[in-house]
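Just data_39.tsv here, TSV, C-alpha atoms:
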chain	number	residue	atom	x	y	z
E	8	MET	CA	124.33	186.37	128.57
E	9	LYS	CA	124.36	185.92	124.82
E	10	PRO	CA	126.11	183.21	122.78
E	11	ALA	CA	129.59	183.86	121.42
E	12	PRO	CA	129.63	184.52	117.65
E	13	PHE	CA	129.42	181.46	115.39
E	14	ASP	CA	128.69	180.53	111.79
E	15	TYR	CA	125.37	178.76	111.18
E	16	LEU	CA	125.01	176.00	108.59
E	17	ALA	CA	121.95	173.87	107.80
E	18	PRO	CA	122.86	171.09	105.35
E	19	GLU	CA	120.19	168.97	103.68
E	20	THR	CA	122.13	165.71	103.36
E	21	VAL	CA	124.19	163.52	105.66
E	22	GLU	CA	127.15	163.84	103.30
E	23	GLU	CA	127.11	167.63	103.55
E	24	ALA	CA	126.92	167.48	107.33
E	25	CYS	CA	129.85	165.05	107.54
E	26	SER	CA	131.93	167.27	105.26
E	27	VAL	CA	131.32	170.26	107.53
E	28	LEU	CA	132.30	168.26	110.62
E	29	THR	CA	135.50	167.10	108.95
E	30	GLU	CA	136.48	170.55	107.73
E	31	ALA	CA	135.71	172.11	111.11
E	32	GLY	CA	138.35	169.98	112.81
E	33	GLY	CA	136.42	169.74	116.06
E	34	GLY	CA	135.13	173.31	115.95
E	35	ALA	CA	131.55	172.45	114.96
E	36	THR	CA	128.67	171.53	117.26
E	37	VAL	CA	125.56	169.72	116.05
E	38	ILE	CA	122.13	171.03	117.01
E	39	ALA	CA	118.80	169.25	116.56
E	40	GLY	CA	116.38	169.88	119.44
E	41	GLY	CA	118.72	172.19	121.33
E	42	GLN	CA	117.18	171.54	124.75
E	43	THR	CA	120.59	171.24	126.38
E	44	LEU	CA	122.75	173.09	123.88
E	45	MET	CA	120.86	176.41	123.80
E	46	PRO	CA	121.36	177.16	127.52
E	47	LEU	CA	125.02	176.16	127.19
E	48	LEU	CA	125.45	178.56	124.28
E	49	ALA	CA	123.72	181.37	126.16
E	50	LEU	CA	126.01	180.85	129.15
E	51	ARG	CA	129.04	180.55	126.84
E	52	MET	CA	129.81	177.15	128.31
E	53	SER	CA	129.82	175.98	124.69
E	54	GLN	CA	131.52	178.18	122.09
E	55	PRO	CA	131.59	176.43	118.72
E	56	PHE	CA	132.91	178.13	115.61
E	57	ILE	CA	130.13	176.50	113.59
E	58	LEU	CA	126.61	175.55	114.66
E	59	LEU	CA	125.52	172.67	112.44
E	60	ASP	CA	121.72	172.42	112.26
E	61	ILE	CA	120.73	168.93	111.06
E	62	ASN	CA	116.95	169.43	111.17
E	63	ARG	CA	116.65	169.67	107.37
E	64	ILE	CA	118.13	166.22	106.79
E	65	ALA	CA	115.09	164.05	106.10
E	66	ALA	CA	117.10	160.83	106.25
E	67	LEU	CA	117.72	161.39	109.98
E	68	GLN	CA	114.11	161.30	111.12
E	69	GLY	CA	111.39	158.72	111.51
E	70	VAL	CA	110.97	155.11	112.58
E	71	SER	CA	111.41	152.04	110.36
E	72	ARG	CA	111.87	148.30	110.55
E	73	ALA	CA	114.88	146.48	109.11
E	74	ASP	CA	116.80	143.25	109.66
E	75	GLY	CA	115.20	142.24	112.95
E	76	ALA	CA	115.49	145.67	114.51
E	77	THR	CA	113.61	148.92	114.91
E	78	ARG	CA	115.55	151.84	113.47
E	79	VAL	CA	114.98	155.31	114.90
E	80	GLY	CA	116.35	158.42	113.24
E	81	PRO	CA	118.29	160.66	115.63
E	82	ILE	CA	116.25	163.83	114.99
E	83	THR	CA	112.95	162.04	115.67
E	84	ARG	CA	111.16	164.21	118.23
E	85	GLN	CA	110.54	162.68	121.62
E	86	ASN	CA	106.79	163.23	121.38
E	87	ALA	CA	106.83	161.49	118.00
E	88	VAL	CA	108.34	158.45	119.73
E	89	LEU	CA	105.43	158.45	122.17
E	90	ALA	CA	102.90	158.53	119.34
E	91	ASP	CA	104.53	155.99	117.01
E	92	PRO	CA	102.55	152.71	116.70
E	93	THR	CA	105.60	150.74	115.56
E	94	LEU	CA	107.50	151.62	118.72
E	95	ALA	CA	104.46	151.00	120.92
E	96	LYS	CA	104.32	147.44	119.58
E	97	ALA	CA	108.01	146.60	119.19
E	98	LEU	CA	109.59	148.55	122.07
E	99	PRO	CA	107.02	149.36	124.77
E	100	VAL	CA	109.76	149.94	127.36
E	101	LEU	CA	111.21	152.71	125.18
E	102	VAL	CA	107.82	154.42	125.07
E	103	THR	CA	107.36	153.96	128.83
E	104	ALA	CA	110.77	155.47	129.51
E	105	MET	CA	110.13	158.36	127.12
E	106	ARG	CA	107.08	159.44	129.13
E	107	HIS	CA	109.47	160.36	131.94
E	108	VAL	CA	111.79	162.46	129.77
E	109	GLY	CA	111.43	166.17	130.58
E	110	HIS	CA	107.99	167.67	130.01
E	111	HIS	CA	105.49	167.73	127.16
E	112	GLN	CA	106.77	171.10	125.98
E	113	THR	CA	110.43	170.03	125.90
E	114	ARG	CA	109.54	166.74	124.21
E	115	ASN	CA	108.06	168.71	121.31
E	116	ARG	CA	111.57	169.81	120.40
E	117	GLY	CA	113.84	167.33	122.13
E	118	THR	CA	115.15	164.45	120.00
E	119	ILE	CA	115.96	160.87	120.85
E	120	GLY	CA	119.37	161.14	119.20
E	121	GLY	CA	120.22	164.24	121.18
E	122	SER	CA	119.52	162.48	124.45
E	123	VAL	CA	121.48	159.37	123.48
E	124	ALA	CA	124.40	161.46	122.23
E	125	LEU	CA	124.54	163.69	125.32
E	126	GLY	CA	124.92	160.74	127.69
E	127	GLU	CA	123.42	162.38	130.78
E	128	PRO	CA	124.03	159.73	133.50
E	129	ALA	CA	120.60	160.30	135.09
E	130	ALA	CA	118.62	160.32	131.82
E	131	GLU	CA	116.24	157.63	130.61
E	132	MET	CA	117.15	157.31	126.92
E	133	PRO	CA	120.86	156.43	127.21
E	134	ALA	CA	120.12	153.80	129.85
E	135	THR	CA	117.26	152.31	127.84
E	136	ALA	CA	119.50	152.01	124.79
E	137	VAL	CA	122.07	150.20	126.95
E	138	ALA	CA	119.45	147.92	128.53
E	139	LEU	CA	117.88	146.87	125.23
E	140	GLY	CA	121.18	146.19	123.49
E	141	ALA	CA	120.84	149.02	120.98
E	142	SER	CA	123.57	149.99	118.56
E	143	VAL	CA	124.36	153.49	117.37
E	144	GLU	CA	125.21	154.06	113.71
E	145	VAL	CA	127.62	156.93	113.10
E	146	ARG	CA	128.99	158.36	109.89
E	147	SER	CA	131.86	160.55	108.83
E	148	THR	CA	133.74	161.19	105.62
E	149	ARG	CA	135.85	158.19	106.66
E	150	GLY	CA	132.89	155.81	106.50
E	151	VAL	CA	130.26	154.19	108.71
E	152	ARG	CA	130.68	152.39	111.99
E	153	ARG	CA	128.40	150.95	114.66
E	154	ILE	CA	128.88	151.39	118.38
E	155	ALA	CA	127.12	149.16	120.91
E	156	ALA	CA	125.25	151.43	123.31
E	157	ASP	CA	127.00	149.88	126.31
E	158	GLN	CA	130.34	150.84	124.71
E	159	LEU	CA	129.34	154.41	123.87
E	160	TYR	CA	129.70	156.10	127.25
E	161	LEU	CA	133.01	156.87	128.94
E	162	GLY	CA	131.91	159.25	131.69
E	163	PRO	CA	129.49	162.12	132.33
E	164	TYR	CA	128.80	163.65	128.90
E	165	MET	CA	131.77	161.78	127.46
E	166	THR	CA	131.32	159.30	124.62
E	167	THR	CA	133.41	157.38	122.12
E	168	LEU	CA	132.08	159.55	119.28
E	169	GLU	CA	134.82	161.30	117.31
E	170	PRO	CA	134.48	165.06	116.61
E	171	ASP	CA	133.85	164.42	112.90
E	172	GLU	CA	131.17	161.75	113.44
E	173	LEU	CA	127.42	162.19	113.17
E	174	ILE	CA	124.84	159.82	114.65
E	175	THR	CA	122.64	158.67	111.77
E	176	ALA	CA	120.48	156.01	113.45
E	177	ILE	CA	119.80	154.09	116.64
E	178	ASP	CA	118.95	150.44	116.06
E	179	TYR	CA	117.06	148.55	118.76
E	180	PRO	CA	117.08	144.74	118.32
E	181	ASP	CA	113.75	142.94	118.38
E	182	TRP	CA	112.36	141.60	121.63
E	183	PRO	CA	109.52	139.03	121.65
E	184	ALA	CA	105.91	140.18	121.73
E	185	HIS	CA	105.49	138.82	125.27
E	186	THR	CA	108.43	140.81	126.67
E	187	VAL	CA	107.84	142.24	130.13
E	188	THR	CA	108.66	145.92	130.64
E	189	VAL	CA	110.78	146.82	133.67
E	190	PHE	CA	110.89	150.53	134.49
E	191	ARG	CA	110.92	152.75	137.55
E	192	GLU	CA	112.57	155.97	138.58
E	193	VAL	CA	112.71	158.11	141.67
E	194	ALA	CA	112.88	161.86	141.06
E	195	ARG	CA	112.13	164.95	143.12
E	196	ARG	CA	109.48	166.12	140.65
E	197	PRO	CA	108.04	164.76	137.40
E	198	GLY	CA	110.37	165.72	134.56
E	199	ASP	CA	113.46	166.07	136.77
E	200	PHE	CA	116.49	163.91	136.20
E	201	ALA	CA	116.25	160.73	138.23
E	202	LEU	CA	117.93	160.30	141.60
E	203	VAL	CA	117.74	156.55	140.91
E	204	GLY	CA	116.30	154.78	137.87
E	205	LEU	CA	115.95	151.27	136.45
E	206	THR	CA	114.96	150.40	132.90
E	207	GLY	CA	114.86	147.32	130.72
E	208	ALA	CA	112.99	144.22	129.68
E	209	VAL	CA	112.65	140.55	130.63
E	210	VAL	CA	111.41	137.61	128.56
E	211	VAL	CA	109.71	134.64	130.23
E	212	GLU	CA	109.33	131.34	128.39
E	213	ASN	CA	107.95	128.13	129.90
E	214	GLY	CA	108.04	129.59	133.38
E	215	LYS	CA	111.72	130.59	133.21
E	216	ILE	CA	113.64	133.76	132.42
E	217	ALA	CA	114.90	133.38	128.85
E	218	ARG	CA	116.32	136.84	128.25
E	219	ALA	CA	117.00	139.95	130.31
E	220	GLY	CA	118.25	143.46	129.53
E	221	LEU	CA	118.51	145.84	132.48
E	222	ALA	CA	120.33	149.11	133.11
E	223	TRP	CA	120.56	151.77	135.79
E	224	PHE	CA	120.48	155.54	135.43
E	225	GLY	CA	121.40	158.00	138.16
E	226	MET	CA	123.57	155.30	139.74
E	227	GLY	CA	127.00	156.28	138.45
E	228	PRO	CA	128.93	158.41	135.95
E	229	THR	CA	127.31	156.66	132.97
E	230	PRO	CA	124.30	154.46	132.27
E	231	ILE	CA	125.22	151.14	133.90
E	232	LYS	CA	124.26	147.73	132.59
E	233	ALA	CA	123.20	145.35	135.39
E	234	ARG	CA	125.32	142.52	134.01
E	235	GLN	CA	125.46	140.32	137.10
E	236	ALA	CA	121.71	140.52	137.57
E	237	GLU	CA	121.06	139.71	133.92
E	238	GLN	CA	123.30	136.66	134.06
E	239	ALA	CA	121.74	135.46	137.30
E	240	LEU	CA	118.22	135.81	135.90
E	241	ILE	CA	118.77	133.69	132.79
E	242	GLY	CA	117.30	130.25	133.30
E	243	GLN	CA	115.73	131.10	136.65
E	244	PRO	CA	112.26	129.59	137.21
E	245	LEU	CA	109.75	132.19	138.37
E	246	GLU	CA	108.49	130.03	141.21
E	247	SER	CA	111.86	130.11	142.98
E	248	LEU	CA	113.24	133.46	141.84
E	249	ASP	CA	114.61	135.57	144.71
E	250	ALA	CA	114.20	139.17	143.60
E	251	ARG	CA	116.06	140.54	146.61
E	252	ALA	CA	119.13	138.45	145.87
E	253	ILE	CA	119.08	139.54	142.23
E	254	ALA	CA	118.73	143.16	143.39
E	255	GLU	CA	121.90	142.83	145.46
E	256	LEU	CA	123.79	141.71	142.37
E	257	ALA	CA	122.33	144.57	140.34
E	258	VAL	CA	123.35	147.20	142.89
E	259	ALA	CA	126.84	145.68	143.11
E	260	ASP	CA	127.44	146.75	139.50
E	261	THR	CA	126.70	150.42	140.22
E	262	ALA	CA	129.01	153.26	141.21
E	263	PRO	CA	126.82	155.94	142.83
E	264	PHE	CA	128.28	159.09	144.33
E	265	ASP	CA	127.27	161.87	146.69
E	266	ASP	CA	125.95	165.10	145.21
E	267	HIS	CA	123.60	167.89	146.30
E	268	HIS	CA	120.59	165.78	145.28
E	269	ALA	CA	121.30	162.53	147.18
E	270	THR	CA	124.03	160.48	148.80
E	271	ALA	CA	125.58	157.33	147.39
E	272	ASP	CA	124.13	155.33	150.31
E	273	TYR	CA	120.66	156.66	149.53
E	274	ARG	CA	121.01	155.63	145.91
E	275	ARG	CA	122.19	152.13	146.80
E	276	THR	CA	119.40	151.61	149.32
E	277	VAL	CA	116.64	152.97	147.10
E	278	GLY	CA	118.09	151.21	144.07
E	279	GLY	CA	117.91	147.84	145.80
E	280	ARG	CA	114.35	148.44	146.90
E	281	ILE	CA	113.02	149.63	143.56
E	282	PHE	CA	114.78	146.78	141.77
E	283	THR	CA	113.17	144.20	144.06
E	284	ARG	CA	109.72	145.79	143.87
E	285	THR	CA	109.78	146.52	140.14
E	286	LEU	CA	110.99	143.07	139.13
E	287	SER	CA	108.54	141.40	141.50
E	288	GLU	CA	105.62	143.41	140.20
E	289	ALA	CA	106.59	142.92	136.56
E	290	LEU	CA	106.82	139.16	136.96
E	291	ASN	CA	104.00	138.80	139.51
E	292	LEU	CA	106.32	137.31	142.09
E	293	ARG	CA	105.19	136.68	145.64
E	294	GLN	CA	107.79	139.14	146.98
E	295	ALA	CA	105.61	141.96	145.67
E	296	ALA	CA	103.00	141.34	148.37
As structure tokens, how would this structure be written, given the file I've shared?
Amino acid sequence: MKPAPFDYLAPETVEEACSVLTEAGGGATVIAGGQTLMPLLALRMSQPFILLDINRIAALQGVSRADGATRVGPITRQNAVLADPTLAKALPVLVTAMRHVGHHQTRNRGTIGGSVALGEPAAEMPATAVALGASVEVRSTRGVRRIAADQLYLGPYMTTLEPDELITAIDYPDWPAHTVTVFREVARRPGDFALVGLTGAVVVENGKIARAGLAWFGMGPTPIKARQAEQALIGQPLESLDARAIAELAVADTAPFDDHHATADYRRTVGGRIFTRTLSEALNLRQAA
């Protein structure tokens, strides 16, 4: 099939883009990488009146540091994230997670903002934003607001973004240099969406867990923050930490379902096992043996 007719606009400033979104009254769709949108257009599952190409807006790309956070522009290509030295140093878990997003060819065009905005429940980037406590800056002609990543997702492909709002940055708060990366996913093939996935980071100070940020993907209708597990980890000494017990708390926060890829029981069972193994290996616990 071919896309339904639409008008194409390519503004060069954020202000122009926001004006178009406001005037369109919900009839405009933003395109950056187009990895998901182009097939939807071709199948006429998406039929916008206006296709708003934001690739010419220089202010929406690149990585910078500001106010104790790493700021990533939404149209920053996924392969650029992998190659960025600032991200490699400040957010190694983000880079680790990005290596599992799609394939090299799709990462050449795919953007980090597109993935975060889409909110695919089994995708790595939305869950990593939730795990690390990121905030999403959005703009419209009405002004600027910030949305905590764990408050952004309502359901599969449903977010709290308004039709006239444009994501202008994703801000990831600083984590200490000695932060431990926690990441694992189970997928049928490399590049596929995860059947079960875990992402996040843990900070150890003086032999105890000082900070934890963990989230699931593929374990419910949205990325899911492992709140009970995070709370239980804080203050725990490594020498007595029971990874299996923490895993049970983490799985209790999930809401997996049956689909043609896997059952809910499979996801719970595998989720508990990868949580235990991944945490044990990351922290060099005896349970990993």
Q: One decimal, Å: what's the distance from CA of Gln158 in chain E over to CA of Asp74 in chain E, could you say?
A: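 Between CA of Gln158 in chain E and CA of Asp74 in chain E the gap works out to 21.6 Å.
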Q: Just the residues within 9 Å of range 122-134 of chain E, please, counting all atoms listed in the file, with nothing from its chain fewer than 5 positions along; format it as a PyMOL selection string.
A: chain E and resi 43+81+101+104-105+107-108+117+139+143+156-157+159-160+162-166+168+174+177+192+200-207+221-232
Q. Using all atoms listed in the file, which of the listed residues (E:Ile253, E:Ala136, E:Leu67, E:Ala87) sits closest to Ile154 in chain E?
A. E:Ala136
Q | Distance in Å - CA of Met45 in chain E versus CA of Ser142 in chain E | A |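 That distance, rounded to one decimal, is 27.1 Å.
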Q.
If I take CA of Arg114 in chain E and CA of Ala184 in chain E, how far is one from the other in Å, to one decimal?
A.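 These atoms are spaced 26.9 Å apart.
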Q.
With distances taken over only C-alpha atoms, which residue among E:Ala271, E:Ile57, E:Ala138, E:Ala194 lies nearest Arg234 in chain E?
A.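 Closest candidate: E:Ala138.
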